[in-house]
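Worksheet: the structure to be examined is printed underneath.
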Amino acid sequence: MIKYKKIQRQSQNTEVRSSRKKAVSTKEISLEIENEIGIPVIRCMSVLDAFVESLYKHLGNGEPVTLEGLGTFSTKLMMEEGKVVAKKVKLVSSKQMRERLKQFQLEEDTEN
């Protein structure tokens, strides 16, 4: 379940943001994978680290990277002080991801 807060802005626009929680670490994801399919945590962490390095390599070569069920990562280029620089990584979500997002349960966080 995603908790969110409504923020009223001076311009009378209401902004909605998810209530921030701590980020899930590579180790925590690896523990979940170990519990789900039995691959040892250390091996999962090594595979995830290798994946990240591979992603860097392909993005550094200007190649978009598509992960089925997640989406496509690509670099966003910008001009900065007269030079072209790679400033951001863009993720365009897949159709499957968009469909999954629609199924997420939402609840307003009324705590201060």
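Identifiers in this document derive from the order of the structure tokens: chains are assigned A, B, ..., residues are numbered from 1 separately in each chain, and ligands are numbered from 1 in order of occurrence.
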- Selection: 10 Å around A:Asn61, only C-alpha atoms, excl. self and same-chain fewer than 5 positions, as a ChimeraX atom specification: /A:55-56,75
- Task: Report as a PyMOL selection string: the residues of chain A with a DSSP assignment of strand (DSSP E), based on the backbone of this structure.
- Result: chain A and resi 2-8+14-18+65-67+71-80+83-93+106-108
Could those residues be written to a file, using N, CA and C atoms, as an mmCIF file, in the first residue's frame?
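Resulting contents of result_3.cif:
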```
data_model
loop_
_atom_site.group_PDB
_atom_site.id
_atom_site.type_symbol
_atom_site.label_atom_id
_atom_site.label_comp_id
_atom_site.auth_asym_id
_atom_site.auth_seq_id
_atom_site.Cartn_x
_atom_site.Cartn_y
_atom_site.Cartn_z
ATOM 1 N N ILE A 2 0.551 2.178 -0.852
ATOM 2 C CA ILE A 2 1.298 3.428 -0.931
ATOM 3 C C ILE A 2 0.554 4.484 -0.126
ATOM 4 N N LYS A 3 1.235 5.025 0.883
ATOM 5 C CA LYS A 3 0.648 6.129 1.637
ATOM 6 C C LYS A 3 1.071 7.431 0.969
ATOM 7 N N TYR A 4 0.162 8.384 0.951
ATOM 8 C CA TYR A 4 0.456 9.669 0.311
ATOM 9 C C TYR A 4 -0.039 10.810 1.177
ATOM 10 N N LYS A 5 0.508 11.985 0.900
ATOM 11 C CA LYS A 5 0.073 13.209 1.569
ATOM 12 C C LYS A 5 -0.378 14.198 0.508
ATOM 13 N N LYS A 6 -1.412 14.956 0.859
ATOM 14 C CA LYS A 6 -1.868 16.053 0.006
ATOM 15 C C LYS A 6 -1.238 17.322 0.529
ATOM 16 N N ILE A 7 -0.687 18.115 -0.379
ATOM 17 C CA ILE A 7 -0.035 19.372 -0.009
ATOM 18 C C ILE A 7 -0.743 20.496 -0.749
ATOM 19 N N GLN A 8 -1.314 21.411 0.008
ATOM 20 C CA GLN A 8 -2.014 22.549 -0.589
ATOM 21 C C GLN A 8 -1.001 23.660 -0.863
ATOM 22 N N THR A 14 -3.429 21.525 -5.547
ATOM 23 C CA THR A 14 -3.124 20.504 -4.559
ATOM 24 C C THR A 14 -2.131 19.539 -5.176
ATOM 25 N N GLU A 15 -1.040 19.311 -4.475
ATOM 26 C CA GLU A 15 -0.003 18.389 -4.927
ATOM 27 C C GLU A 15 -0.116 17.116 -4.089
ATOM 28 N N VAL A 16 0.128 15.980 -4.707
ATOM 29 C CA VAL A 16 0.084 14.705 -4.002
ATOM 30 C C VAL A 16 1.467 14.071 -4.086
ATOM 31 N N ARG A 17 1.995 13.662 -2.924
ATOM 32 C CA ARG A 17 3.306 13.007 -2.880
ATOM 33 C C ARG A 17 3.221 11.777 -2.002
ATOM 34 N N SER A 18 3.968 10.754 -2.376
ATOM 35 C CA SER A 18 3.997 9.578 -1.504
ATOM 36 C C SER A 18 4.734 9.934 -0.223
ATOM 37 N N VAL A 65 18.386 0.592 -22.495
ATOM 38 C CA VAL A 65 18.323 -0.748 -21.918
ATOM 39 C C VAL A 65 16.879 -1.030 -21.530
ATOM 40 N N THR A 66 16.309 -2.095 -22.099
ATOM 41 C CA THR A 66 14.933 -2.478 -21.808
ATOM 42 C C THR A 66 14.905 -3.698 -20.905
ATOM 43 N N LEU A 67 14.172 -3.585 -19.819
ATOM 44 C CA LEU A 67 13.918 -4.715 -18.931
ATOM 45 C C LEU A 67 12.437 -5.044 -19.040
ATOM 46 N N GLY A 71 10.637 -1.517 -17.911
ATOM 47 C CA GLY A 71 10.642 -0.401 -18.838
ATOM 48 C C GLY A 71 11.996 -0.235 -19.495
ATOM 49 N N THR A 72 12.197 0.933 -20.109
ATOM 50 C CA THR A 72 13.424 1.218 -20.842
ATOM 51 C C THR A 72 14.155 2.389 -20.205
ATOM 52 N N PHE A 73 15.425 2.158 -19.878
ATOM 53 C CA PHE A 73 16.311 3.182 -19.349
ATOM 54 C C PHE A 73 17.046 3.813 -20.518
ATOM 55 N N SER A 74 17.192 5.140 -20.501
ATOM 56 C CA SER A 74 18.005 5.830 -21.510
ATOM 57 C C SER A 74 18.593 7.085 -20.879
ATOM 58 N N THR A 75 19.645 7.600 -21.503
ATOM 59 C CA THR A 75 20.264 8.810 -20.979
ATOM 60 C C THR A 75 19.555 10.036 -21.543
ATOM 61 N N LYS A 76 19.497 11.065 -20.730
ATOM 62 C CA LYS A 76 18.919 12.343 -21.163
ATOM 63 C C LYS A 76 20.071 13.330 -21.272
ATOM 64 N N LEU A 77 20.250 13.862 -22.464
ATOM 65 C CA LEU A 77 21.334 14.801 -22.714
ATOM 66 C C LEU A 77 20.832 16.234 -22.574
ATOM 67 N N MET A 78 21.726 17.113 -22.085
ATOM 68 C CA MET A 78 21.374 18.521 -21.904
ATOM 69 C C MET A 78 22.577 19.379 -22.273
ATOM 70 N N MET A 79 22.294 20.639 -22.515
ATOM 71 C CA MET A 79 23.363 21.613 -22.727
ATOM 72 C C MET A 79 23.671 22.266 -21.388
ATOM 73 N N GLU A 80 24.950 22.337 -21.060
ATOM 74 C CA GLU A 80 25.369 22.989 -19.826
ATOM 75 C C GLU A 80 26.655 23.751 -20.122
ATOM 76 N N LYS A 83 28.258 22.980 -23.436
ATOM 77 C CA LYS A 83 28.678 21.606 -23.691
ATOM 78 C C LYS A 83 27.493 20.666 -23.534
ATOM 79 N N VAL A 84 27.504 19.597 -24.315
ATOM 80 C CA VAL A 84 26.491 18.566 -24.174
ATOM 81 C C VAL A 84 26.945 17.621 -23.065
ATOM 82 N N VAL A 85 26.060 17.376 -22.106
ATOM 83 C CA VAL A 85 26.375 16.471 -20.993
ATOM 84 C C VAL A 85 25.212 15.516 -20.770
ATOM 85 N N ALA A 86 25.540 14.313 -20.304
ATOM 86 C CA ALA A 86 24.523 13.349 -19.905
ATOM 87 C C ALA A 86 24.195 13.657 -18.452
ATOM 88 N N LYS A 87 22.993 14.154 -18.203
ATOM 89 C CA LYS A 87 22.636 14.622 -16.862
ATOM 90 C C LYS A 87 21.701 13.678 -16.111
ATOM 91 N N LYS A 88 20.874 12.976 -16.829
ATOM 92 C CA LYS A 88 19.867 12.167 -16.163
ATOM 93 C C LYS A 88 19.685 10.839 -16.874
ATOM 94 N N VAL A 89 19.111 9.903 -16.130
ATOM 95 C CA VAL A 89 18.673 8.648 -16.718
ATOM 96 C C VAL A 89 17.156 8.663 -16.691
ATOM 97 N N LYS A 90 16.569 8.375 -17.815
ATOM 98 C CA LYS A 90 15.115 8.388 -17.943
ATOM 99 C C LYS A 90 14.623 6.944 -17.962
ATOM 100 N N LEU A 91 13.538 6.671 -17.261
ATOM 101 C CA LEU A 91 12.894 5.364 -17.314
ATOM 102 C C LEU A 91 11.500 5.550 -17.880
ATOM 103 N N VAL A 92 11.261 4.945 -19.024
ATOM 104 C CA VAL A 92 9.922 4.926 -19.608
ATOM 105 C C VAL A 92 9.328 3.583 -19.225
ATOM 106 N N SER A 93 8.277 3.619 -18.414
ATOM 107 C CA SER A 93 7.719 2.379 -17.895
ATOM 108 C C SER A 93 7.055 1.562 -18.999
ATOM 109 N N LEU A 106 -3.868 2.676 -2.502
ATOM 110 C CA LEU A 106 -3.427 3.981 -2.020
ATOM 111 C C LEU A 106 -4.209 4.352 -0.760
ATOM 112 N N GLU A 107 -3.518 5.043 0.159
ATOM 113 C CA GLU A 107 -4.163 5.488 1.389
ATOM 114 C C GLU A 107 -3.571 6.820 1.799
ATOM 115 N N GLU A 108 -4.420 7.761 2.140
ATOM 116 C CA GLU A 108 -3.934 9.066 2.574
ATOM 117 C C GLU A 108 -3.285 8.950 3.944
#
```
- Message: Quick check for you: according to DSSP on this backbone, which residues of chain A are classed as helix (DSSP H, G or I)? Reply as a PyMOL selection string.
- Response: chain A and resi 26-37+41-60+95-103
Same residues, N, CA and C atoms, output as a compact mmCIF listing (two decimals), in the first residue's frame:
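result.txt written:
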```txt
# COMPACT_ATOMS: atom_id res chain seq x y z
N THR A 26 20.08 -2.99 -1.76
CA THR A 26 20.42 -4.17 -2.57
C THR A 26 20.40 -5.42 -1.71
N LYS A 27 20.91 -5.31 -0.49
CA LYS A 27 20.94 -6.47 0.40
C LYS A 27 19.52 -6.92 0.76
N GLU A 28 18.64 -5.96 1.02
CA GLU A 28 17.25 -6.32 1.36
C GLU A 28 16.55 -7.00 0.18
N ILE A 29 16.78 -6.49 -1.02
CA ILE A 29 16.19 -7.13 -2.21
C ILE A 29 16.78 -8.52 -2.38
N SER A 30 18.09 -8.66 -2.15
CA SER A 30 18.73 -9.97 -2.26
C SER A 30 18.16 -10.95 -1.26
N LEU A 31 17.87 -10.50 -0.05
CA LEU A 31 17.25 -11.37 0.96
C LEU A 31 15.86 -11.84 0.50
N GLU A 32 15.10 -10.93 -0.11
CA GLU A 32 13.78 -11.30 -0.63
C GLU A 32 13.91 -12.35 -1.73
N ILE A 33 14.89 -12.16 -2.62
CA ILE A 33 15.11 -13.13 -3.70
C ILE A 33 15.52 -14.48 -3.12
N GLU A 34 16.40 -14.46 -2.11
CA GLU A 34 16.81 -15.71 -1.47
C GLU A 34 15.59 -16.44 -0.90
N ASN A 35 14.73 -15.71 -0.21
CA ASN A 35 13.53 -16.31 0.37
C ASN A 35 12.56 -16.82 -0.69
N GLU A 36 12.51 -16.13 -1.83
CA GLU A 36 11.57 -16.48 -2.88
C GLU A 36 12.03 -17.68 -3.71
N ILE A 37 13.31 -17.66 -4.13
CA ILE A 37 13.76 -18.72 -5.05
C ILE A 37 15.01 -19.47 -4.59
N VAL A 41 22.07 -14.95 -0.70
CA VAL A 41 22.12 -13.48 -0.69
C VAL A 41 23.37 -12.96 -1.37
N ILE A 42 24.51 -13.51 -1.05
CA ILE A 42 25.78 -13.00 -1.61
C ILE A 42 25.81 -13.14 -3.13
N ARG A 43 25.24 -14.23 -3.65
CA ARG A 43 25.19 -14.43 -5.10
C ARG A 43 24.22 -13.44 -5.72
N CYS A 44 23.06 -13.22 -5.08
CA CYS A 44 22.09 -12.24 -5.58
C CYS A 44 22.70 -10.85 -5.64
N MET A 45 23.41 -10.48 -4.57
CA MET A 45 24.04 -9.16 -4.54
C MET A 45 25.07 -9.02 -5.65
N SER A 46 25.82 -10.09 -5.92
CA SER A 46 26.81 -10.06 -7.01
C SER A 46 26.12 -9.89 -8.36
N VAL A 47 25.01 -10.58 -8.56
CA VAL A 47 24.28 -10.47 -9.84
C VAL A 47 23.71 -9.06 -9.99
N LEU A 48 23.13 -8.51 -8.92
CA LEU A 48 22.59 -7.15 -9.00
C LEU A 48 23.69 -6.12 -9.26
N ASP A 49 24.85 -6.29 -8.61
CA ASP A 49 25.98 -5.40 -8.86
C ASP A 49 26.45 -5.49 -10.31
N ALA A 50 26.52 -6.72 -10.83
CA ALA A 50 26.92 -6.92 -12.23
C ALA A 50 25.90 -6.30 -13.18
N PHE A 51 24.62 -6.41 -12.83
CA PHE A 51 23.57 -5.79 -13.64
C PHE A 51 23.76 -4.28 -13.71
N VAL A 52 24.00 -3.66 -12.56
CA VAL A 52 24.19 -2.20 -12.51
C VAL A 52 25.39 -1.80 -13.37
N GLU A 53 26.48 -2.52 -13.28
CA GLU A 53 27.66 -2.21 -14.10
C GLU A 53 27.36 -2.37 -15.58
N SER A 54 26.61 -3.40 -15.93
CA SER A 54 26.22 -3.61 -17.33
C SER A 54 25.33 -2.47 -17.81
N LEU A 55 24.40 -2.05 -16.96
CA LEU A 55 23.53 -0.92 -17.30
C LEU A 55 24.36 0.33 -17.56
N TYR A 56 25.34 0.62 -16.68
CA TYR A 56 26.23 1.78 -16.89
C TYR A 56 26.95 1.68 -18.23
N LYS A 57 27.46 0.49 -18.54
CA LYS A 57 28.22 0.30 -19.78
C LYS A 57 27.35 0.61 -21.00
N HIS A 58 26.15 0.05 -21.03
CA HIS A 58 25.29 0.25 -22.20
C HIS A 58 24.79 1.69 -22.29
N LEU A 59 24.41 2.28 -21.17
CA LEU A 59 23.99 3.68 -21.20
C LEU A 59 25.15 4.57 -21.62
N GLY A 60 26.37 4.23 -21.17
CA GLY A 60 27.56 4.99 -21.55
C GLY A 60 27.87 4.89 -23.04
N LYS A 95 4.30 -1.24 -20.54
CA LYS A 95 2.85 -1.38 -20.43
C LYS A 95 2.51 -2.23 -19.20
N GLN A 96 3.28 -3.28 -18.99
CA GLN A 96 3.04 -4.15 -17.83
C GLN A 96 3.21 -3.37 -16.52
N MET A 97 4.21 -2.52 -16.44
CA MET A 97 4.43 -1.71 -15.24
C MET A 97 3.27 -0.74 -15.03
N ARG A 98 2.82 -0.10 -16.09
CA ARG A 98 1.70 0.83 -15.97
C ARG A 98 0.44 0.13 -15.49
N GLU A 99 0.21 -1.09 -15.98
CA GLU A 99 -0.95 -1.86 -15.53
C GLU A 99 -0.82 -2.24 -14.06
N ARG A 100 0.39 -2.61 -13.63
CA ARG A 100 0.62 -2.94 -12.22
C ARG A 100 0.39 -1.72 -11.33
N LEU A 101 0.85 -0.55 -11.78
CA LEU A 101 0.67 0.68 -11.00
C LEU A 101 -0.80 0.95 -10.72
N LYS A 102 -1.65 0.67 -11.69
CA LYS A 102 -3.08 0.90 -11.53
C LYS A 102 -3.66 0.03 -10.41
N GLN A 103 -3.00 -1.09 -10.12
CA GLN A 103 -3.50 -2.03 -9.11
C GLN A 103 -3.02 -1.70 -7.70
```
